[in-house]
Every structure is written in structure tokens, then in C-alpha cells.
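Trainee: One structure coming up, written as C-alpha cells, with questions to follow.
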Amino acid sequence: MLKSISLIAVRYLGAGRRTQFSSFVSLVSILGIALGVAVLIIVTSVMNGFEQEVRKHVLGMTAHATVLYPGQPMVDWQRAAAKLDSNPQVSSTSPFIRGGAMLSHKGEVHGAIVQGIDLALEENVSEIGKYISAADKHKIADGAKQILLGYQLREKLNVEIGQRLVVIAPRFSASAGIQAPVYLTYTVAGEFHIGMHEFDASMALVNISDAQHIFSMTAGVSGLRVKFANADEAPFLAREIAGNLDPPAASINWTQYHRNFFQALKSQKRIMFVILSIIVAVAAFNIVAAMIMLVKEKSADIAILRTLGMSRTAVMCIFVIQGSLVGLIGVMSGIVLGIVGTSYSGEFVARLERWLDIQFIKPDVYYIDYLPAVIGKTDVAVIGITAGIITILATLYPAWRASLTDPAEALRYEGV
């Protein structure tokens, strides 16, 4: 019985002499559902890509956690680092100095975050070494007033590699208050391109000994950067290791960097899922219209089936299967189209930017200057199931109306 019902439902998908228009509406329904599902997959994948890329850059440049004493330098940082390294959950530590300064070159003055690092130790806690050439690493390894600039910062200053610039560093003491800034001349040793606006447009790297001189920290540092064996445990472990120091220190873990961005991205992902699901629902209304027309055109066939003994439930199943097949074709086509579209989305946007000479992905707004996309299997499954449920629900009312067809009334004017 089920096989016969399915065969009738499949046959109704074809366009007969009187069903061409309803079949056309069904085709429009398939296209609408396919486009809705494809757009959902592409948008969700792009948001996944943004989250993954920003997280990768944040983790690559900030380490898993930072331990520091707010408002004061960490003087005995070697002892603190040794205690942290004794923790089996800690993979490595690295001292750093971080402060704000002004960089000046031939009338161009821009603010920057000057970060002093011990490159040999820093490469154990972050991926900063990937963005610096071997030659540039050697230049800042021993200090000698060499500075590395983010490529956007170097362009804003209009300074070439090998030229000199002036670092204007603030001075403040608890006893004398704000003092006159110092002017220090540094040679631009090179540049780095991380791909994240926050770092490329405002960060400068120097040797940690140079940073101590710039910010008058003598033997102290701003704090310690820490890498854990498991990054996901950073929120808990950061508080624990900072509290175990003497005296206890404050901590910042990687999840706290750009927290608002990640939360906003997740909220937007949920909102976009709901909004774009409405597109699928609108396309499903076309299924309702097509099936209602099909029921009207097949009323005589339904009446004959009913007089042959077919139950109302069986008639309803025919049209539910027929409508579900339309929805299934649309959903599967949308999944394929979405996966293909996601694969070429970054290249398409890059070419469109070149053709129109417009920058769609502005790094000062979106943190990165390219369009990433990562297809999530779970997201594709949820989108497919959601779209499938919507299309099945759209078939229920027309199928129910078909099951209520009165055989005598339907055959009265059919000449049988």
C-alpha cells in the first residue's frame, strides 16, 4: 500500500496537460527553498569563519593568559615565572612590556602600542614568530634600538624600512606626577602582517631591554604571558595560577579579549538564522499554493481513488509525500549550492572588491581584511532539518483538504 501511495505521489510531480502551471509553481518553490538554504549555509559559514579567524589571531598574539599587577611593574618576574612554570598545566611563560607611545616621522605622528618581548621566550607562548622574518628576528633579538612596525602603521607613518623614526614616550611618577615625555630615535628594522587590524595598524615590537628603557622600567616588566596545555581551560587556570603568586596577581585570559565581538557574533548568527529561515518559510508557501492547485486539478482522480476504497488517510499521505519530495529536492539542492557557494565566497568577494574598487571587508570594523568561511557539519544538518520540517508542515493543510474531497461532488461534472 505504501509503495502504491509513493508511486502516485511521484507521478503527481510530473506536469500533465492540466498541471503545467502548478508544476511551474512547484519549480519556483524548489528554487526558493534552495536559495534560502544556500544563503543560510553561506552566511552561517562566513560567521563561523570570522569567529575562527579572530580567535586564531587573538590566541596567536595574546597567548592563553596574561598575569600582571595592575598599575605597577612586575619586578621579581623571574621568580614568578619559575613558580608558574612549575605548574604541570603551564607549558611556558614569557615576560613582556606593553605601553602606549607616539611614533613620529617627518611630520606624521600616530599613536601606537609598543610591546617589548624576549623573542626566544615569546615564540613559546604565541605565534608571533610566524609573522616575523628570520632577518627581522635577528635585528631585534639584541635590542640596539631596532623597531618592527605593523604594515598599516608603517604606511600611515610613511616610513621605509631602514629609516629612523622618533618614539615619544610618556613619563609619570607617583611623586612628581606627569613629566615631560622623552624622545628616542629608533631604526625601522622591518614590518609584520598579521591580518588583524588591531595589530597591523597600531602595534610596534621592540626588544624587551629597549622597552624597559622606553618606559623606564629598569629591571621590571609589565607582566607574564602564559601558555597552557589546554587553551579551553584558560579561564579557570588563569585565576588559579595568578592567585598562587606571592603577592597574588591579576589575570586576563584569552576569552576576555574581544568578548563583546564574540558575543555579538553569536547573537547575530542566531538572528540571521531566524531571519533567513523566514525566506525558506516564504518559499514553503509556494508549496501550499502549488498543492492547492494540484488538489483542485486532481479532484476527479482523488474521487476515483476514494470510490475504489482508498482511505482519507492514504489520500492525505499521497499529497504529504508529493509536497515533501518538492521540499526535499529544494533542501538538497540548497545544501549543494550552499557548500559550493561557501567554497568560492572569499574569492568572489576579493574579485568583486577589485572590479568595483570598493573595500567590503574593512579591517577597522571587522578586525580582518578578508572573507573567511568555515562550513560546520552541525550547522548544515540543523539548516537541512529545519528547512525539511518547514516544508513538511507546509504540505499538511493542502493534503488534509485533499482527503476531504467528496467523490460524488467531484465526479458530478466529469462525465463519469
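Lettering and numbering for the C-alpha cells are positional, with chains as A, B, ... in the shown order, residues counted from 1 in each chain, and ligands counted from 1 in the shown order.
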Near Ile361 (chain A), within 12 Å and counting only C-alpha atoms, which residues show up once chain neighbours fewer than 5 positions away are dropped, as an MDAnalysis selection string?

Mentor: chainID A and resid 46 50 195:197 346 349:350 352:353 366:372

Trainee: Selected residues, C-alpha atoms, written as an mmCIF file, in the first residue's frame, please.

Mentor:
```cif
data_model
loop_
_atom_site.group_PDB
_atom_site.id
_atom_site.type_symbol
_atom_site.label_atom_id
_atom_site.label_comp_id
_atom_site.auth_asym_id
_atom_site.auth_seq_id
_atom_site.Cartn_x
_atom_site.Cartn_y
_atom_site.Cartn_z
ATOM 1 C CA VAL A 46 31.095 33.124 6.968
ATOM 2 C CA PHE A 50 35.051 35.194 11.252
ATOM 3 C CA GLY A 195 45.960 40.122 9.079
ATOM 4 C CA MET A 196 44.167 41.693 12.019
ATOM 5 C CA HIS A 197 43.678 45.458 12.040
ATOM 6 C CA GLY A 346 36.156 34.540 -0.340
ATOM 7 C CA VAL A 349 34.300 38.937 -2.707
ATOM 8 C CA ALA A 350 38.005 39.612 -3.377
ATOM 9 C CA LEU A 352 34.308 41.977 -6.613
ATOM 10 C CA GLU A 353 36.367 44.391 -4.499
ATOM 11 C CA TYR A 366 35.684 43.538 11.087
ATOM 12 C CA TYR A 367 39.191 43.069 12.579
ATOM 13 C CA ILE A 368 40.374 41.185 9.465
ATOM 14 C CA ASP A 369 40.652 42.285 5.832
ATOM 15 C CA TYR A 370 39.409 39.163 4.027
ATOM 16 C CA LEU A 371 36.283 36.982 3.986
ATOM 17 C CA PRO A 372 36.814 33.662 5.761
#
```

Trainee: Near region 232-236 of chain A, within 7 Å and counting only C-alpha atoms, which residues show up once chain neighbours fewer than 2 positions away are dropped, as a list in words?

Mentor: His64, Ala65, Phe228, Asn230, Ala238, Arg239, Glu240 and Asn253 of chain A

Trainee: Output the selection as a PDB file, in the first residue's frame - C-alpha atoms for each residue.

Mentor:
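What follows is the written file out.pdb:
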```pdb
ATOM      1  CA  HIS A  64      46.326  31.911  26.634  1.00  0.00           C
ATOM      2  CA  ALA A  65      46.617  34.156  29.680  1.00  0.00           C
ATOM      3  CA  PHE A 228      48.563  26.261  28.915  1.00  0.00           C
ATOM      4  CA  ASN A 230      44.748  23.160  27.048  1.00  0.00           C
ATOM      5  CA  ALA A 238      44.469  31.816  34.794  1.00  0.00           C
ATOM      6  CA  ARG A 239      42.740  32.781  38.046  1.00  0.00           C
ATOM      7  CA  GLU A 240      44.283  29.832  39.863  1.00  0.00           C
ATOM      8  CA  ASN A 253      42.605  35.023  29.777  1.00  0.00           C
TER       9      ASN A 253
END
```

Trainee: Would you list the contacts of Thr313 (chain A) as a ChimeraX atom specification, taking every protein, DNA or RNA residue within 10 Å and counting only C-alpha atoms, but skipping same-chain residues closer than 5 positions in sequence?

Mentor: /A:318,399-400,402-404

Trainee: Can you list, as a PyMOL selection string, every residue of region 71-242 of chain A that DSSP puts in strand (DSSP E or B)?

Mentor: chain A and resi 74+90-105+108-117+146-150+164-173+177-192+196+203-207+221+223-228

Trainee: Between A:Leu393, A:Val315, A:Ile113, A:Ala229, which is the closest to Thr93 (chain A) once you count only C-alpha atoms?

Mentor: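 Of the candidates, the smallest distance to Thr93 (chain A) is held by A:Ala229.
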